[in-house]
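Undergrad: Just input_26.txt, nothing more (compact mmCIF, C-alpha atoms and all ligand atoms):
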```txt
# COMPACT_ATOMS: atom_id res chain seq x y z
CA MET A 1 0.00 0.00 0.00
CA PRO A 2 1.37 3.48 -0.85
CA VAL A 3 2.85 5.42 2.10
CA ALA A 4 0.22 8.19 1.92
CA ALA A 5 -2.61 5.68 2.16
CA THR A 6 -1.33 4.29 5.47
CA GLN A 7 -2.15 7.59 7.21
CA ILE A 8 -5.80 6.97 6.54
CA GLU A 9 -8.04 5.83 9.37
CA VAL A 10 -11.32 4.16 8.46
CA LEU A 11 -14.31 4.25 10.83
CA ASP A 12 -17.94 3.13 10.76
CA LEU A 13 -20.14 5.66 8.94
CA ARG A 14 -22.76 5.45 11.68
CA HIS A 15 -20.46 7.30 14.10
CA PHE A 16 -20.81 10.46 12.05
CA SER A 17 -23.57 13.03 11.86
CA ALA A 18 -24.89 14.73 8.75
CA ARG A 19 -23.38 17.97 10.00
CA GLN A 20 -19.90 16.43 10.03
CA LEU A 21 -20.30 14.96 6.55
CA ARG A 22 -21.99 17.93 4.90
CA PRO A 23 -18.80 19.73 3.66
CA LEU A 24 -17.57 16.53 1.98
CA LEU A 25 -20.95 15.93 0.33
CA GLU A 26 -21.27 19.51 -0.82
CA GLY A 27 -17.84 19.23 -2.42
CA GLU A 28 -18.99 16.06 -4.13
CA ALA A 29 -22.14 17.77 -5.44
CA HIS A 30 -19.83 20.28 -7.12
CA VAL A 31 -17.91 17.45 -8.81
CA TRP A 32 -21.17 15.94 -10.08
CA GLU A 33 -22.08 19.28 -11.61
CA GLN A 34 -18.68 19.69 -13.28
CA ARG A 35 -18.38 16.17 -14.59
CA LEU A 36 -21.96 15.15 -15.36
CA ARG A 37 -23.84 18.48 -15.53
CA TRP A 38 -25.97 17.13 -12.72
CA ASP A 39 -27.33 19.33 -9.94
CA TYR A 40 -26.82 16.85 -7.15
CA ARG A 41 -28.00 19.07 -4.30
CA SER A 42 -31.44 17.49 -3.78
CA SER A 43 -29.81 14.04 -3.69
CA THR A 44 -27.27 15.39 -1.19
CA GLU A 45 -30.01 16.65 1.10
CA LEU A 46 -31.86 13.33 0.93
CA LEU A 47 -28.66 11.44 1.68
CA LEU A 48 -27.84 13.72 4.63
CA GLN A 49 -31.22 12.85 6.14
CA TYR A 50 -30.43 9.15 5.85
CA LEU A 51 -26.96 9.71 7.29
CA ASP A 52 -28.45 11.43 10.30
CA SER A 53 -30.66 8.43 10.98
CA ARG A 54 -27.38 6.45 11.38
CA ILE A 55 -28.66 3.37 9.64
CA LEU A 56 -26.59 3.29 6.47
CA PRO A 57 -23.84 0.65 6.41
CA GLY A 58 -20.60 2.25 5.33
CA PHE A 59 -17.29 3.84 6.23
CA VAL A 60 -15.66 7.21 6.65
CA ALA A 61 -12.00 7.88 5.90
CA LEU A 62 -10.03 10.30 8.06
CA ASP A 63 -6.69 11.83 7.23
CA ARG A 64 -5.02 13.00 10.45
CA GLY A 65 -8.45 13.30 12.04
CA LYS A 66 -10.08 15.19 9.17
CA ILE A 67 -12.93 13.58 7.20
CA CYS A 68 -11.69 13.00 3.65
CA GLY A 69 -13.97 10.33 2.23
CA TYR A 70 -16.98 8.08 2.67
CA ALA A 71 -18.64 5.07 1.12
CA PHE A 72 -21.96 3.39 1.84
CA CYS A 73 -24.37 0.82 0.55
CA VAL A 74 -28.08 0.16 0.89
CA TYR A 75 -29.72 -3.18 1.43
CA GLU A 76 -32.67 -4.30 -0.68
CA GLY A 77 -33.55 -7.72 0.71
CA HIS A 78 -30.77 -10.11 -0.27
CA LYS A 79 -29.12 -7.51 -2.45
CA ALA A 80 -26.76 -4.67 -1.54
CA VAL A 81 -26.27 -1.70 -3.82
CA VAL A 82 -23.16 0.43 -3.43
CA GLY A 83 -24.69 3.88 -2.95
CA ASP A 84 -21.57 5.97 -3.27
CA ALA A 85 -17.83 6.21 -2.68
CA TYR A 86 -16.06 9.53 -2.73
CA ALA A 87 -12.85 11.00 -1.33
CA VAL A 88 -10.88 14.23 -1.56
CA ALA A 89 -7.17 14.84 -1.34
CA ALA A 90 -4.73 17.41 -2.69
CA ASP A 91 -3.49 14.83 -5.18
CA PRO A 92 -6.22 13.15 -7.33
CA ASP A 93 -4.33 9.84 -7.28
CA HIS A 94 -4.34 9.91 -3.51
CA ALA A 95 -8.10 10.57 -3.54
CA LEU A 96 -8.52 7.49 -5.75
CA GLN A 97 -6.44 5.43 -3.32
CA ILE A 98 -8.65 6.52 -0.42
CA THR A 99 -11.77 5.67 -2.46
CA GLN A 100 -10.34 2.22 -3.08
CA ILE A 101 -9.56 1.71 0.60
CA LEU A 102 -13.17 2.60 1.43
CA LEU A 103 -14.54 0.30 -1.26
CA HIS A 104 -12.28 -2.49 -0.08
CA ARG A 105 -13.75 -2.17 3.44
CA LEU A 106 -17.29 -2.06 2.06
CA ILE A 107 -16.75 -5.17 -0.07
CA GLU A 108 -15.20 -6.94 2.91
CA LEU A 109 -18.24 -6.03 5.02
CA LEU A 110 -20.62 -7.37 2.38
CA ASP A 111 -18.53 -10.47 1.95
CA HIS A 112 -19.07 -11.20 5.64
CA SER A 113 -22.82 -10.59 5.44
CA PRO A 114 -24.29 -14.08 4.97
CA ASN A 115 -27.71 -12.79 3.87
CA ILE A 116 -26.31 -10.78 1.00
CA GLU A 117 -26.39 -12.85 -2.18
CA ARG A 118 -25.90 -10.10 -4.66
CA VAL A 119 -24.01 -6.80 -4.82
CA GLU A 120 -24.39 -4.17 -7.55
CA SER A 121 -22.34 -1.02 -8.05
CA GLN A 122 -22.36 1.78 -10.62
CA LEU A 123 -20.21 4.72 -9.63
CA LEU A 124 -20.52 7.34 -12.36
CA LEU A 125 -17.80 9.60 -11.01
CA TYR A 126 -15.06 7.10 -11.85
CA ASP A 127 -13.59 6.28 -15.24
CA SER A 128 -13.72 2.66 -16.29
CA GLY A 129 -10.91 0.67 -14.66
CA SER A 130 -9.93 3.34 -12.13
CA ILE A 131 -11.44 1.79 -8.99
CA ASP A 132 -12.07 -1.81 -10.04
CA GLU A 133 -9.26 -3.65 -8.32
CA GLY A 134 -11.07 -4.53 -5.08
CA PHE A 135 -14.23 -5.54 -6.93
CA LEU A 136 -12.43 -7.80 -9.40
CA HIS A 137 -10.40 -9.35 -6.62
CA ALA A 138 -13.64 -10.21 -4.80
CA GLY A 139 -15.03 -11.93 -7.91
CA PHE A 140 -17.25 -9.20 -9.35
CA THR A 141 -18.04 -9.10 -13.07
CA ARG A 142 -17.46 -5.84 -14.92
CA HIS A 143 -19.78 -4.36 -17.56
CA ALA A 144 -18.63 -1.21 -19.33
CA ARG A 145 -21.25 1.53 -19.48
CA LEU A 146 -21.29 4.85 -21.29
CA PHE A 147 -22.36 8.24 -20.06
CA MET A 148 -23.63 9.97 -23.20
CA GLU A 149 -24.60 13.55 -23.81
CA CYS A 150 -26.33 15.50 -26.57
CA ASN A 151 -26.30 19.27 -26.81
CA LEU A 152 -29.64 20.37 -28.21
CA SER A 153 -29.76 22.77 -31.12
CA ARG A 154 -32.71 23.37 -33.42
CA GLY A 155 -30.67 23.22 -36.62
CA ALA A 156 -29.06 19.86 -35.88
CA LEU A 157 -32.31 18.37 -34.64
CA ASN A 158 -34.35 19.46 -37.66
CA ALA A 159 -31.75 18.15 -40.08
CA ALA A 160 -31.48 14.78 -38.34
CA THR A 161 -35.24 14.26 -37.97
CA ALA A 162 -35.98 15.30 -41.56
CA ALA A 163 -33.29 12.94 -42.87
CA ARG A 164 -34.86 9.98 -41.09
CA GLY A 165 -38.51 10.90 -41.56
CA ARG A 166 -39.71 8.18 -39.19
CA THR A 167 -43.44 8.15 -38.41
CA LEU A 168 -45.58 5.92 -36.24
CA PRO A 169 -47.20 2.83 -37.79
CA PRO A 170 -51.03 2.96 -37.90
CA GLY A 171 -52.75 1.93 -34.66
CA ILE A 172 -50.08 3.34 -32.34
CA GLU A 173 -50.51 6.65 -30.56
CA LEU A 174 -47.90 8.75 -28.77
CA LEU A 175 -49.16 10.16 -25.46
CA PRO A 176 -47.57 12.02 -22.55
CA TRP A 177 -46.81 9.99 -19.44
CA SER A 178 -49.81 9.25 -17.27
CA ALA A 179 -49.76 7.55 -13.87
CA ASN A 180 -52.76 5.50 -15.14
CA TYR A 181 -50.17 3.47 -17.06
CA TYR A 182 -48.00 2.81 -14.03
CA GLN A 183 -48.62 -0.95 -13.89
CA ALA A 184 -48.49 -1.28 -17.69
CA ALA A 185 -45.19 0.63 -17.71
CA ALA A 186 -43.67 -1.80 -15.19
CA GLU A 187 -44.91 -4.73 -17.29
CA LEU A 188 -43.32 -3.21 -20.38
CA ILE A 189 -40.00 -2.74 -18.58
CA HIS A 190 -40.05 -6.31 -17.34
CA ALA A 191 -40.84 -7.70 -20.82
CA SER A 192 -38.31 -5.41 -22.54
CA TYR A 193 -35.36 -6.61 -20.47
CA ALA A 194 -36.03 -10.37 -20.52
CA GLY A 195 -32.69 -11.97 -21.42
CA HIS A 196 -31.12 -8.51 -21.80
CA ILE A 197 -27.60 -7.61 -20.65
CA ASP A 198 -29.01 -4.83 -18.45
CA ALA A 199 -30.93 -7.43 -16.43
CA GLU A 200 -27.54 -8.91 -15.49
CA ILE A 201 -26.46 -5.50 -14.24
CA ASN A 202 -29.67 -4.52 -12.46
CA ASP A 203 -31.70 -7.46 -11.22
CA GLN A 204 -34.80 -5.27 -10.70
CA TYR A 205 -35.45 -5.85 -14.40
CA CYS A 206 -35.74 -9.60 -13.77
CA SER A 207 -39.16 -9.48 -12.09
CA LEU A 208 -42.36 -7.47 -12.33
CA HIS A 209 -42.04 -6.58 -8.67
CA GLY A 210 -38.49 -5.31 -9.28
CA SER A 211 -39.60 -3.35 -12.36
CA LEU A 212 -42.29 -1.64 -10.28
CA ARG A 213 -39.64 -0.76 -7.73
CA PHE A 214 -37.37 0.59 -10.46
CA LEU A 215 -40.23 2.75 -11.77
CA HIS A 216 -41.08 3.89 -8.27
CA ASN A 217 -37.48 5.01 -7.70
CA ILE A 218 -37.47 6.98 -10.94
CA VAL A 219 -40.89 8.59 -10.58
CA ARG A 220 -40.98 9.27 -6.85
CA PHE A 221 -37.39 9.81 -5.69
CA PRO A 222 -34.86 12.45 -6.74
CA GLY A 223 -31.94 9.98 -6.92
CA CYS A 224 -31.97 10.06 -10.75
CA GLY A 225 -33.01 13.70 -11.04
CA VAL A 226 -36.57 14.97 -10.67
CA PHE A 227 -39.03 13.00 -12.81
CA ASP A 228 -40.51 15.18 -15.57
CA ALA A 229 -43.94 13.81 -16.48
CA ALA A 230 -44.40 16.45 -19.20
CA GLN A 231 -41.22 15.22 -20.94
CA SER A 232 -41.97 11.48 -20.66
CA TRP A 233 -43.79 9.62 -23.39
CA LEU A 234 -45.80 6.47 -23.99
CA LEU A 235 -46.65 4.58 -27.16
CA VAL A 236 -50.10 3.06 -26.78
CA GLU A 237 -51.62 0.40 -29.07
CA HIS A 238 -55.18 1.51 -29.96
CA SER A 239 -56.72 -1.91 -30.25
CA THR A 240 -55.41 -3.40 -27.00
CA GLY A 241 -54.50 -0.37 -24.86
CA HIS A 242 -51.13 -2.05 -24.29
CA LEU A 243 -47.92 -0.08 -24.20
CA ALA A 244 -45.66 -0.55 -27.22
CA GLY A 245 -42.89 1.68 -25.94
CA MET A 246 -41.91 4.31 -23.43
CA LEU A 247 -39.36 7.04 -22.80
CA LEU A 248 -38.95 8.51 -19.32
CA CYS A 249 -37.12 11.70 -18.57
CA SER A 250 -35.93 13.51 -15.46
CA ARG A 251 -34.56 16.99 -14.94
CA VAL A 252 -31.03 16.80 -13.50
CA ALA A 253 -30.20 20.51 -13.75
CA PRO A 254 -32.21 23.59 -14.79
CA GLU A 255 -31.49 23.02 -18.52
CA VAL A 256 -30.35 19.42 -18.53
CA ALA A 257 -32.61 16.38 -18.97
CA HIS A 258 -31.64 12.77 -18.29
CA ILE A 259 -33.32 9.88 -20.09
CA THR A 260 -33.88 7.34 -17.32
CA GLN A 261 -35.64 4.75 -19.47
CA LEU A 262 -36.27 3.98 -23.13
CA CYS A 263 -37.77 0.68 -24.16
CA VAL A 264 -39.88 -0.84 -26.90
CA ALA A 265 -41.88 -4.06 -26.47
CA PRO A 266 -39.93 -6.97 -28.00
CA HIS A 267 -42.59 -7.69 -30.68
CA GLY A 268 -42.54 -4.05 -31.86
CA ARG A 269 -38.82 -3.58 -32.37
CA GLY A 270 -37.09 -2.65 -35.61
CA GLN A 271 -40.04 -0.57 -36.92
CA GLY A 272 -38.76 2.82 -35.87
CA LEU A 273 -40.67 3.10 -32.56
CA GLY A 274 -37.56 3.75 -30.48
CA ARG A 275 -36.46 6.36 -32.99
CA VAL A 276 -39.86 8.12 -32.98
CA LEU A 277 -39.83 8.26 -29.17
CA LEU A 278 -36.32 9.68 -29.05
CA ASP A 279 -36.88 12.22 -31.87
CA HIS A 280 -40.10 13.39 -30.24
CA ALA A 281 -38.58 13.65 -26.76
CA MET A 282 -35.58 15.60 -28.09
CA ALA A 283 -37.77 18.05 -30.03
CA GLN A 284 -40.03 18.63 -27.03
CA LEU A 285 -37.08 19.16 -24.68
CA LEU A 286 -35.66 21.74 -27.06
CA LEU A 287 -39.05 23.53 -27.18
CA ALA A 288 -39.19 23.49 -23.37
CA GLY A 289 -35.83 25.29 -23.18
CA PHE A 290 -33.50 22.39 -22.30
CA SER A 291 -30.00 22.73 -23.71
CA ALA A 292 -28.70 19.19 -23.19
CA ILE A 293 -29.76 15.58 -22.63
CA THR A 294 -27.70 12.93 -20.89
CA LEU A 295 -28.18 9.19 -20.44
CA THR A 296 -26.29 6.03 -19.54
CA VAL A 297 -26.19 2.91 -21.66
CA THR A 298 -24.38 -0.41 -21.51
CA GLU A 299 -21.62 -0.44 -24.12
CA ALA A 300 -22.55 -3.94 -25.28
CA ASN A 301 -26.16 -2.85 -25.98
CA ARG A 302 -25.38 -2.15 -29.64
CA GLN A 303 -28.97 -1.33 -30.77
CA ALA A 304 -29.34 1.37 -28.13
CA VAL A 305 -25.81 2.76 -28.56
CA GLU A 306 -26.39 2.98 -32.35
CA LEU A 307 -29.72 4.69 -31.84
CA TYR A 308 -28.24 7.31 -29.51
CA ALA A 309 -25.06 7.89 -31.52
CA SER A 310 -27.05 8.40 -34.74
CA SER A 311 -29.26 10.92 -32.89
CA GLY A 312 -26.31 13.12 -31.95
CA PHE A 313 -25.32 11.68 -28.56
CA ARG A 314 -21.60 11.50 -27.85
CA THR A 315 -19.84 9.40 -25.22
CA ARG A 316 -18.50 11.64 -22.50
CA TYR A 317 -17.29 8.96 -20.05
CA ARG A 318 -16.93 5.23 -19.81
CA PHE A 319 -17.62 3.88 -16.33
CA ASP A 320 -18.15 0.42 -14.90
CA ALA A 321 -21.08 -1.51 -13.54
CA MET A 322 -19.80 -4.18 -11.14
CA VAL A 323 -21.90 -7.17 -10.17
CA LEU A 324 -21.39 -10.01 -7.74
CA ASP A 325 -23.98 -12.76 -7.75
CA ARG A 326 -23.28 -15.48 -5.22
CA SER A 327 -26.45 -17.38 -6.10
CA VAL A 328 -25.00 -18.39 -9.49
CA SER A 329 -21.47 -19.29 -8.37
C1 LIG A 401 -33.08 0.10 -27.97
C2 LIG A 401 -34.54 -0.01 -28.42
C3 LIG A 401 -35.36 1.00 -27.59
C4 LIG A 401 -34.62 0.35 -29.90
O1 LIG A 401 -36.00 0.38 -30.25
P1 LIG A 401 -36.50 -0.01 -31.72
O2 LIG A 401 -37.90 0.47 -31.86
O3 LIG A 401 -36.24 -1.44 -32.01
O4 LIG A 401 -35.51 0.87 -32.62
P2 LIG A 401 -35.83 1.47 -34.04
O5 LIG A 401 -36.52 0.47 -34.91
O6 LIG A 401 -36.47 2.80 -33.89
O7 LIG A 401 -34.36 1.69 -34.60
C5 LIG A 401 -33.68 2.87 -34.26
C6 LIG A 401 -32.20 2.69 -34.45
O8 LIG A 401 -31.69 1.76 -33.50
C7 LIG A 401 -30.65 1.04 -34.08
N1 LIG A 401 -31.08 -0.37 -34.15
C8 LIG A 401 -32.30 -0.88 -33.96
N2 LIG A 401 -32.28 -2.23 -34.06
C9 LIG A 401 -31.00 -2.55 -34.33
C10 LIG A 401 -30.31 -3.77 -34.52
N3 LIG A 401 -30.94 -4.96 -34.47
N4 LIG A 401 -28.97 -3.72 -34.72
C11 LIG A 401 -28.30 -2.54 -34.76
N5 LIG A 401 -28.92 -1.36 -34.59
C12 LIG A 401 -30.22 -1.37 -34.38
C13 LIG A 401 -30.41 1.59 -35.47
O9 LIG A 401 -29.47 2.65 -35.34
C14 LIG A 401 -31.77 2.16 -35.79
O10 LIG A 401 -31.57 3.20 -36.72
P3 LIG A 401 -32.53 3.46 -38.01
O11 LIG A 401 -33.65 4.31 -37.47
O12 LIG A 401 -31.65 4.22 -38.93
O13 LIG A 401 -32.99 2.14 -38.48
C15 LIG A 401 -35.09 -1.45 -28.23
O14 LIG A 401 -34.21 -2.35 -28.85
C16 LIG A 401 -35.29 -1.87 -26.78
O15 LIG A 401 -36.32 -1.60 -26.17
N6 LIG A 401 -34.30 -2.59 -26.21
C17 LIG A 401 -34.38 -3.09 -24.84
C18 LIG A 401 -34.31 -1.97 -23.83
C19 LIG A 401 -33.07 -1.14 -24.04
O16 LIG A 401 -31.98 -1.66 -24.31
N7 LIG A 401 -33.22 0.18 -23.84
C20 LIG A 401 -32.11 1.11 -23.90
C21 LIG A 401 -31.48 1.16 -22.55
S1 LIG A 401 -30.28 2.46 -22.47
```
Now, as a test, write the supplied structure out as structure tokens.

TA:
Amino acid sequence: MPVAATQIEVLDLRHFSARQLRPLLEGEAHVWEQRLRWDYRSSTELLLQYLDSRILPGFVALDRGKICGYAFCVYEGHKAVVGDAYAVAADPDHALQITQILLHRLIELLDHSPNIERVESQLLLYDSGSIDEGFLHAGFTRHARLFMECNLSRGALNAATAARGRTLPPGIELLPWSANYYQAAAELIHASYAGHIDAEINDQYCSLHGSLRFLHNIVRFPGCGVFDAAQSWLLVEHSTGHLAGMLLCSRVAPEVAHITQLCVAPHGRGQGLGRVLLDHAMAQLLLAGFSAITLTVTEANRQAVELYASSGFRTRYRFDAMVLDRSVS
């Protein structure tokens, strides 16, 4: 271990109050804004409330008595999700070392938790490969993911949409999001990710119950930005009332939208539905004054990556999703 890292003391997160952790978290919110154009302040406030209840499993790093990092996870039944890991130091490499020390302790804790069968982690602040060592050593599988961004401009959007000229097939209507379709939306998500690589990364996709939970997190909590019902769209089949596709959007900063979900029912794919949803969402966001859209996508999900890239999205970062599933080993 590098000399600098040995000065670091690691203590249980539950010994610390929100007041003590606030400066670190506010600094982190600034990094989120710089790197991902994400106003993280509402998430910070929510997290501080949880921290004050002293129930989150995790660790704090101290450098000569001063708080310099933290990491925590949340339990969802037999699964643990790494919530965050973040550290500061004068030297960025030293900050990464501290982050890795914290993650190492977290992984060790989870390894000794007999009820935890599965661990998932997606830490968007870290470039692919930069904090993976402890995870890989513990047997995690790595899936590369992309953070993509599109700067909205009327000229580029008009040209791209006109060139494609995609329209909806007869019998399918595009409607704004409505909570009346909540259950149908969860069913669509579940069906859309059957056998999909993203269901290996996020096991909520593997069941209807999990898909409802996923939807609940997006629509009701600010963890992925604030859900924007007016900028979220459904494709409804006239004859059956079933959903053929869906695009959900959140606001992550005053002028920045984040696509939290895009899916088309398996039987309706390859007919331009995904394209129509994305074109429509982008045009409406531009009209509503947004200047950029971001999203994350698994690199191996070629259809989706192609769709986004051909719509003007560019990869800004590559980060890793790490998964440990003890039930299959
Ligand atoms: C990604 C998804 C939404 C695309 O929906 P779709 O209705 O099948 O896509 P479209 O028919 O509108 O095709 C749009 C573009 O996607 C790409 N695409 C679609 N199917 C493809 C395939 N089989 N291979 C490669 N590219 C493909 C092409 O770039 C296509 O461009 P085109 O309009 O010039 O033909 C759909 O496959 C899906 O729901 N997948 C599962 C959920 C998912 O992965 N969501 C994205 C998570 S980030």

Undergrad: Atom CA of A:Arg251 to atom CA of A:Val226: how many Å, to one decimal?

TA: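 Between atom CA of A:Arg251 and atom CA of A:Val226 the gap is 5.1 Å.
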
Undergrad: From the options A:Glu108, A:Asn151, A:Val323, A:Ala90, which residue's atoms come nearest to A:Ile197, counting all atoms listed in the file?

TA: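 Closest to A:Ile197, using all atoms listed in the file: A:Val323.
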
Undergrad: Which one is closest to A:Arg316: A:Ala199, A:Leu13, A:Phe147, A:Glu45? Count only C-alpha atoms.

TA: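 So, comparing all the options, the nearest one is A:Phe147.
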
Undergrad: Could you give me, as a VMD selection string, the residues within 12 Å of A:Glu306, counting all atoms listed in the file and dropping anything in the same chain fewer than 6 positions from it?

TA: chain A and resid 148 274 to 275 297 to 300 312 to 315

Undergrad: Which one is closest to ligand LIG 401 (chain A): A:Asp320, A:Glu237, A:Asp198, A:Glu28? Count only C-alpha atoms and all ligand atoms.

TA: A:Asp198

Undergrad: Neighbours of ligand LIG 401 (chain A) at 6 Å or closer, counting only C-alpha atoms and all ligand atoms: which residues, as a ChimeraX atom specification?

TA: /A:192-193,262-264,269-275,297,302-304,306-307

Undergrad: I'd like the neighbourhood of A:Ile293 as a PDB file with C-alpha atoms, keeping the file's coordinate frame, where a residue qualifies if any of its atoms comes within 7 Å (using only C-alpha atoms), though same-chain residues fewer than 3 positions away should be ignored.

TA:
```pdb
ATOM      1  CA  GLU A 149     -24.600  13.550 -23.810  1.00  0.00           C
ATOM      2  CA  CYS A 150     -26.330  15.500 -26.570  1.00  0.00           C
ATOM      3  CA  ASN A 151     -26.300  19.270 -26.810  1.00  0.00           C
ATOM      4  CA  VAL A 256     -30.350  19.420 -18.530  1.00  0.00           C
ATOM      5  CA  ALA A 257     -32.610  16.380 -18.970  1.00  0.00           C
ATOM      6  CA  HIS A 258     -31.640  12.770 -18.290  1.00  0.00           C
TER       7      HIS A 258
END
```

Undergrad: Kindly give the distance, in Å, that separates atom CA of A:Val276 and atom CA of A:Cys249, rounded to a single decimal.

TA: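 Computed distance, atom CA of A:Val276 to atom CA of A:Cys249, equals 15.1 Å.
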
Undergrad: Quick one: pull the distance between atom CA of A:Leu278 and atom CA of A:Thr294, Å, one decimal.

TA: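 So the two atoms, atom CA of A:Leu278 and atom CA of A:Thr294, lie 12.3 Å apart.
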
Undergrad: Give the answer as one residue: which of A:Val305, A:Leu25, A:Leu106, A:Cys224 has the shortest atom-to-atom distance to A:Val82, using all atoms listed in the file?

TA: A:Leu106

Undergrad: With all atoms listed in the file as the basis for distance, which of A:Asp325, A:Glu255, A:Asp279, A:Glu9 is at the shortest distance from A:Cys68?

TA: A:Glu9

Undergrad: Determine the nearest neighbour of A:Glu117 from the options A:Ala61, A:Leu96, A:Leu324, A:Ile259, counting all atoms listed in the file.

TA: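 Checking each of A:Ala61, A:Leu96, A:Leu324, A:Ile259 against A:Glu117, counting all atoms listed in the file, the winner is A:Leu324.
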
Undergrad: Report as a VMD selection string all protein, DNA and RNA residues lying within 7 Å of A:Trp177, evaluated on only C-alpha atoms, omitting residues in the same chain fewer than 6 positions from it.

TA: chain A and resid 229 to 230 232 to 234

Undergrad: Excluding A:Asp132 and residues on its chain fewer than 6 positions from it, collect all residues at most 9 Å away from it, counting all atoms listed in the file, and give them as a PyMOL selection string.

TA: chain A and resi 100+142+320+322

Undergrad: Just the residues within 10 Å of A:Ala89, please, counting all atoms listed in the file, with nothing from its chain fewer than 6 positions along; format it as a PDB file with C-alpha atoms, keeping the file's coordinate frame.

TA:
```pdb
ATOM      1  CA  ASP A  63      -6.690  11.830   7.230  1.00  0.00           C
ATOM      2  CA  CYS A  68     -11.690  13.000   3.650  1.00  0.00           C
ATOM      3  CA  GLY A  69     -13.970  10.330   2.230  1.00  0.00           C
ATOM      4  CA  ALA A  95      -8.100  10.570  -3.540  1.00  0.00           C
ATOM      5  CA  LEU A  96      -8.520   7.490  -5.750  1.00  0.00           C
ATOM      6  CA  GLN A  97      -6.440   5.430  -3.320  1.00  0.00           C
ATOM      7  CA  ILE A  98      -8.650   6.520  -0.420  1.00  0.00           C
TER       8      ILE A  98
END
```
